[in-house]
Amino acid sequence: DGLVPNAAALTAHHMQSLSPPARRLVDLLVIAGELEVADLADAGPATATAVDELVDGDIGTIDGSAVRLAHPLFAEAARVDLDPASRIERLTELIDVTAGSSQRPALRLRHLRWRQEVGVPVDPSELAEGTHLAMTMFDTATAIDLGQAATDAGRTDVALPLAMALLYDGRLEDAAVAAKAAVEGALDEATRTFASVTGSLARAYRSGFDPSIAAAHEELLASTTDPSLAAFVRSEWGSALAFSGQLAEAVAAAADGVATGQWWERVPFVPGWAGAMTALGRTTEVLDVVGGLVAEAGGHAGRSVAWLHAFRSSAALLHGDLDLAEDAIGTFDELAYLAMVPGVAAVLRSETRGIAAMWRGDFTGARALLAEAVSRSDVPESEFRRVVPASFLAIAHAQGGDPAGAADLASFAADGAAQFGLGAGWVPLAQAWAQAAAGDRTGAARIAELGARRGLDTRQHHCALWCAFDGWRFVQSAASARLVIESSASADGHWSRAFAATAQGWLDQDLDLLTTAHKGFTRIGAPRFADLVEQHRRRISGAEPRDLLAESLTRRESEVAALAARGLTNRAIAELLGLSVRTAETHLHRAMGKLGANRRDDLLLHADRLDPGV
């Protein structure tokens with residue numbers, strides 16, 4: 001409270017000590033950001049002297065051929081004193097000072113905006129040219145300003161760049177209107193094609209990737225004659241199919257594009273193909289193909305190359321290479337300016353690192369990262385896919401002992417599942433963990449099993465595998481172990497092999513398989529999973545003390561007592577074992593008598609040595 005006013009006062013005092021020309025130059029730099037030394041020298045000796053005064057006083061600095069303020073605090077202090085009338089006066093001066101170098105692209109755009117602001121008439125052709133130029137530089141704010149002014153002046157040829165700028169600025173309704181106008185006014189196939197895709201994306205970002213988006217791309221593809229444009233539409237069609245959960249169709253649409261041609265021709269097909277293949281459980285192939293493309297691209301940069309790293313990260317995460325997943329998403333984050341989606345990069349970075357942290361056992365770190373991913377999912381390109389970070393944040397809250405938070409987040413994820421078919425398979429896992437956190441492990445197991453079955457039916461094999469394995473964790477039974485083994489048969493990678501070895505080792509009481517599973521989880525870097533396997537391994541090997549009371553139970557008594565210890569009701573036990581409720585009650589009564597248990601909670605003392613048997 002004391003330092004900031006003193007710093008502001010010191011800065012204001014420093015500004016007041018400047019000569020009028022130097023103070024005026026500060027205002028020009030506040031508006032322009034930087035000015036060419038040559039332009040200022042041409043403005044006269046007073047301006048050149050002002051430059052020296054700012055540099056000597058450490059208020060300004062010369063970087064290469066440009067002059068700028070030495071610290072943002074100087075700009076903030078000067079901006080406070082720049083009233084509207086003074087701003088117009090300075091803008092007029094800027095237009096004159098920079099007239100000689102106004103052909104540089106960035107300065108041309110600023111010139112146009114300055115002239116608009118001071119009321120100098122701008123020819124519609126300049127506005128249209130500036131709109132296109134702004135989009136090539138991905139200056140969406142300038143593209144929107146100039147594009148709307150050009151449209152008002154009757155220039156219909158700016159509808160496409162205006163639609164694209166509005167799309168990436170998040171103004172989806174306006175983007176859809178502009179894209180429709182661009183399609184209707186298109187004079188060539190390229191404009192019609194790009195405008196149609198832009199309109200479809202505006203709808204998808206607003207309402208989600210339902211099958212109608214892919215259908216629109218397919219219809220456009222049928223009427224596209226230029227081979228290059230057709231390849232572009234086919235790559236977008238593959239992505240729309242994958243995002244809507246039509247996985248086999250997405251692979252079929254993109255497979256040829258990924259496999260043939262130069263690397264720069266193949267890269268645009270990666271999002272649809274890799275997204276679908278990863279969900280289908282074929283992460284090894286994705287990592288091989290995408291890793292090869294990354295190597296071929298080398299030092300080349302661009303939007304599609306940036307996205308290579310995002311899909312490589314997703315495949316690595318589900319494959320079980322958490323280090324590669326984090327490294328790849330970090331590279332994507334660094335290239336976000338090329339991908340033109342810095343907001344999406346921020347979401348994916350936090351999401352990936354949050355999931356990796358949770359699987360490593362760092363629930364505190366996972367909750368923080370995943371909460372950031374959910375909170376930043378309000379950007380147009382990520383809002384429809386918030387189901388993924390919300391689902392995993394629900395799981396993190398459940399594992400951290402927050403059942404209410406887990407339930408709310410699972411519900412939030414479920415609400416968005418219809419908008420993103422590719423991620424919808426994670427919702428049952430979130431719902432199962434929320435149920436388990438509330439104390440109902442039986443209900444959790446049922447939800448997880450249904451999720452696994454649904455995942456197998458829709459061929460989202462990695463989602464099915466995780467639902468099956470966590471269902472087995474909730475209620476360990478022969479049926480749930482067999483479901484894990486069945487699910488792992490369609491999904492590759494380190495997780496799949498470790499899960500299958502765990503389930504089969506537990507089912508067969510096979511120490512070698514459990515040792516293999518333990519090594520697998522250790523290799524992944526998931527100590528909690530390794531500890532789970534070690535508990536079973538020690539019990540089977542006899543490394544833990546024998547429980548003579550538990551060994552005195554019959555097989556059926558042990559099964560009933562084991563399920564009761566896990567929280568199942570008598571009716572649930574009866575249904576699971578195919579008994580009448582009365583028979584289940586009888587077996588439980590006898591088991592509790594042998595174990596000296598007065599309450600069901602007392603069974604927990606023997607839980608690790610009871611065999612659920614189903």
# chains A, B, ... in the order shown; residues from 1 in each chain; ligands from 1
>>> closest_atom_pairs(of="segment 32-58 of chain A", to="segment 107-128 of chain A", cutoff="12 Å", atoms="only C-alpha atoms", output="Markdown table")
| residue | atom | partner | partner_atom | distance |
| --- | --- | --- | --- | --- |
| A:Ala32 | CA | A:Arg110 | CA | 8.0 |
| A:Gly33 | CA | A:Arg110 | CA | 10.6 |
| A:Glu34 | CA | A:Leu107 | CA | 10.1 |
| A:Leu35 | CA | A:Leu107 | CA | 9.6 |
| A:Glu36 | CA | A:Leu107 | CA | 10.5 |
>>> write_last_selection(atoms="N, CA and C atoms", output="CSV table (one decimal), in the first residue's frame")
chain,number,residue,atom,x,y,z
A,32,ALA,N,1.7,4.4,-30.2
A,32,ALA,CA,2.2,3.6,-31.2
A,32,ALA,C,3.0,2.4,-30.8
A,33,GLY,N,3.4,2.4,-29.5
A,33,GLY,CA,4.2,1.3,-29.0
A,33,GLY,C,5.7,1.5,-29.3
A,34,GLU,N,6.0,1.7,-30.6
A,34,GLU,CA,7.4,2.0,-31.0
A,34,GLU,C,7.4,2.8,-32.2
A,35,LEU,N,8.4,3.6,-32.5
A,35,LEU,CA,8.6,4.4,-33.7
A,35,LEU,C,10.0,4.3,-34.2
A,36,GLU,N,10.1,4.4,-35.5
A,36,GLU,CA,11.4,4.2,-36.2
A,36,GLU,C,12.2,5.5,-35.9
>>> select_by_dssp(residues="segment 347-491 of chain A", states="alpha helix (DSSP H)", output="PyMOL selection string")
chain A and resi 347-360+363-375+380-383+387-399+403-416+427-437+441-458+461-474+478-488
>>> atom_distance(atom1="atom CA of Leu133 of chain A", atom2="atom CA of His309 of chain A")
28.2 Å
>>> residues_around(residues="Val388 of chain A", least_positions_apart="5", cutoff="8 Å", atoms="only C-alpha atoms", output="list in words")
Ala413, Gly423, Ala424, Trp426 and Val427 of chain A
>>> residues_around(residues="Ile447 of chain A", least_positions_apart="3", cutoff="8 Å", atoms="only C-alpha atoms", output="PyMOL selection string")
chain A and resi 428-429+431-432+443-444+450-451+471
>>> closest_residue(among="A:Met137, A:Ala562, A:Met15, A:Leu40", to="Ile59 of chain A", atoms="only C-alpha atoms")
A:Met15
>>> residues_around(residues="His71 of chain A", least_positions_apart="5", cutoff="12 Å", atoms="only C-alpha atoms", output="MDAnalysis selection string")
chainID A and resid 11 26 29:30 33 54:55 58:61 76:78
>>> write_last_selection(atoms="all heavy atoms", output="mmCIF file, in the first residue's frame")
data_model
loop_
_atom_site.group_PDB
_atom_site.id
_atom_site.type_symbol
_atom_site.label_atom_id
_atom_site.label_comp_id
_atom_site.auth_asym_id
_atom_site.auth_seq_id
_atom_site.Cartn_x
_atom_site.Cartn_y
_atom_site.Cartn_z
ATOM 1 N N THR A 11 7.181 8.223 -10.740
ATOM 2 C CA THR A 11 7.084 8.207 -12.200
ATOM 3 C C THR A 11 6.470 9.495 -12.725
ATOM 4 O O THR A 11 6.941 10.076 -13.703
ATOM 5 C CB THR A 11 6.246 6.996 -12.654
ATOM 6 O OG1 THR A 11 6.806 5.812 -12.094
ATOM 7 C CG2 THR A 11 6.222 6.876 -14.161
ATOM 8 N N VAL A 26 6.646 10.971 -25.565
ATOM 9 C CA VAL A 26 6.155 9.894 -24.698
ATOM 10 C C VAL A 26 4.725 9.522 -25.085
ATOM 11 O O VAL A 26 4.369 8.345 -25.202
ATOM 12 C CB VAL A 26 6.232 10.295 -23.211
ATOM 13 C CG1 VAL A 26 5.468 9.285 -22.346
ATOM 14 C CG2 VAL A 26 7.686 10.367 -22.749
ATOM 15 N N LEU A 29 4.650 7.482 -28.217
ATOM 16 C CA LEU A 29 5.076 6.101 -27.981
ATOM 17 C C LEU A 29 4.028 5.293 -27.230
ATOM 18 O O LEU A 29 3.900 4.086 -27.419
ATOM 19 C CB LEU A 29 6.404 6.096 -27.213
ATOM 20 C CG LEU A 29 7.619 6.613 -27.995
ATOM 21 C CD1 LEU A 29 8.824 6.758 -27.073
ATOM 22 C CD2 LEU A 29 7.960 5.667 -29.145
ATOM 23 N N VAL A 30 3.273 5.960 -26.364
ATOM 24 C CA VAL A 30 2.182 5.276 -25.668
ATOM 25 C C VAL A 30 1.169 4.750 -26.675
ATOM 26 O O VAL A 30 0.682 3.612 -26.568
ATOM 27 C CB VAL A 30 1.494 6.234 -24.666
ATOM 28 C CG1 VAL A 30 0.173 5.647 -24.185
ATOM 29 C CG2 VAL A 30 2.403 6.498 -23.482
ATOM 30 N N GLY A 33 3.431 2.390 -29.516
ATOM 31 C CA GLY A 33 4.218 1.270 -29.020
ATOM 32 C C GLY A 33 5.690 1.453 -29.320
ATOM 33 O O GLY A 33 6.529 1.372 -28.426
ATOM 34 N N LEU A 54 14.905 11.275 -23.755
ATOM 35 C CA LEU A 54 14.264 10.083 -23.173
ATOM 36 C C LEU A 54 15.291 8.995 -22.903
ATOM 37 O O LEU A 54 15.254 8.326 -21.857
ATOM 38 C CB LEU A 54 13.178 9.552 -24.112
ATOM 39 C CG LEU A 54 11.932 10.400 -24.316
ATOM 40 C CD1 LEU A 54 10.899 9.613 -25.128
ATOM 41 C CD2 LEU A 54 11.324 10.832 -22.994
ATOM 42 N N VAL A 55 16.200 8.785 -23.845
ATOM 43 C CA VAL A 55 17.196 7.730 -23.675
ATOM 44 C C VAL A 55 18.154 8.073 -22.537
ATOM 45 O O VAL A 55 18.461 7.226 -21.677
ATOM 46 C CB VAL A 55 17.970 7.504 -24.991
ATOM 47 C CG1 VAL A 55 19.129 6.527 -24.770
ATOM 48 C CG2 VAL A 55 17.033 6.978 -26.075
ATOM 49 N N ASP A 58 16.684 7.456 -19.171
ATOM 50 C CA ASP A 58 16.254 6.064 -18.924
ATOM 51 C C ASP A 58 14.751 5.873 -19.012
ATOM 52 O O ASP A 58 14.202 4.900 -18.466
ATOM 53 C CB ASP A 58 16.758 5.558 -17.562
ATOM 54 C CG ASP A 58 18.265 5.421 -17.523
ATOM 55 O OD1 ASP A 58 18.845 5.098 -18.577
ATOM 56 O OD2 ASP A 58 18.850 5.662 -16.448
ATOM 57 N N ILE A 59 14.064 6.804 -19.681
ATOM 58 C CA ILE A 59 12.629 6.631 -19.917
ATOM 59 C C ILE A 59 12.406 5.925 -21.251
ATOM 60 O O ILE A 59 11.458 5.167 -21.411
ATOM 61 C CB ILE A 59 11.900 7.990 -19.884
ATOM 62 C CG1 ILE A 59 11.920 8.533 -18.459
ATOM 63 C CG2 ILE A 59 10.462 7.865 -20.378
ATOM 64 C CD1 ILE A 59 11.254 9.876 -18.306
ATOM 65 N N GLY A 60 13.271 6.169 -22.208
ATOM 66 C CA GLY A 60 13.177 5.528 -23.504
ATOM 67 C C GLY A 60 14.381 4.659 -23.778
ATOM 68 O O GLY A 60 15.418 4.755 -23.111
ATOM 69 N N THR A 61 14.236 3.789 -24.763
ATOM 70 C CA THR A 61 15.339 2.914 -25.153
ATOM 71 C C THR A 61 15.292 2.723 -26.656
ATOM 72 O O THR A 61 14.212 2.755 -27.267
ATOM 73 C CB THR A 61 15.247 1.551 -24.435
ATOM 74 O OG1 THR A 61 16.361 0.759 -24.818
ATOM 75 C CG2 THR A 61 13.978 0.815 -24.802
ATOM 76 N N GLU A 76 1.903 3.488 -18.581
ATOM 77 C CA GLU A 76 0.690 3.580 -17.764
ATOM 78 C C GLU A 76 0.552 4.973 -17.158
ATOM 79 O O GLU A 76 -0.535 5.561 -17.125
ATOM 80 C CB GLU A 76 0.729 2.524 -16.650
ATOM 81 C CG GLU A 76 0.608 1.096 -17.154
ATOM 82 C CD GLU A 76 -0.662 0.879 -17.942
ATOM 83 O OE1 GLU A 76 -1.730 1.385 -17.524
ATOM 84 O OE2 GLU A 76 -0.590 0.239 -19.007
ATOM 85 N N ALA A 77 1.656 5.540 -16.662
ATOM 86 C CA ALA A 77 1.597 6.872 -16.058
ATOM 87 C C ALA A 77 1.222 7.919 -17.093
ATOM 88 O O ALA A 77 0.436 8.834 -16.817
ATOM 89 C CB ALA A 77 2.939 7.210 -15.414
ATOM 90 N N ALA A 78 1.769 7.794 -18.311
ATOM 91 C CA ALA A 78 1.470 8.775 -19.351
ATOM 92 C C ALA A 78 0.055 8.609 -19.884
ATOM 93 O O ALA A 78 -0.617 9.590 -20.220
ATOM 94 C CB ALA A 78 2.475 8.631 -20.487
#
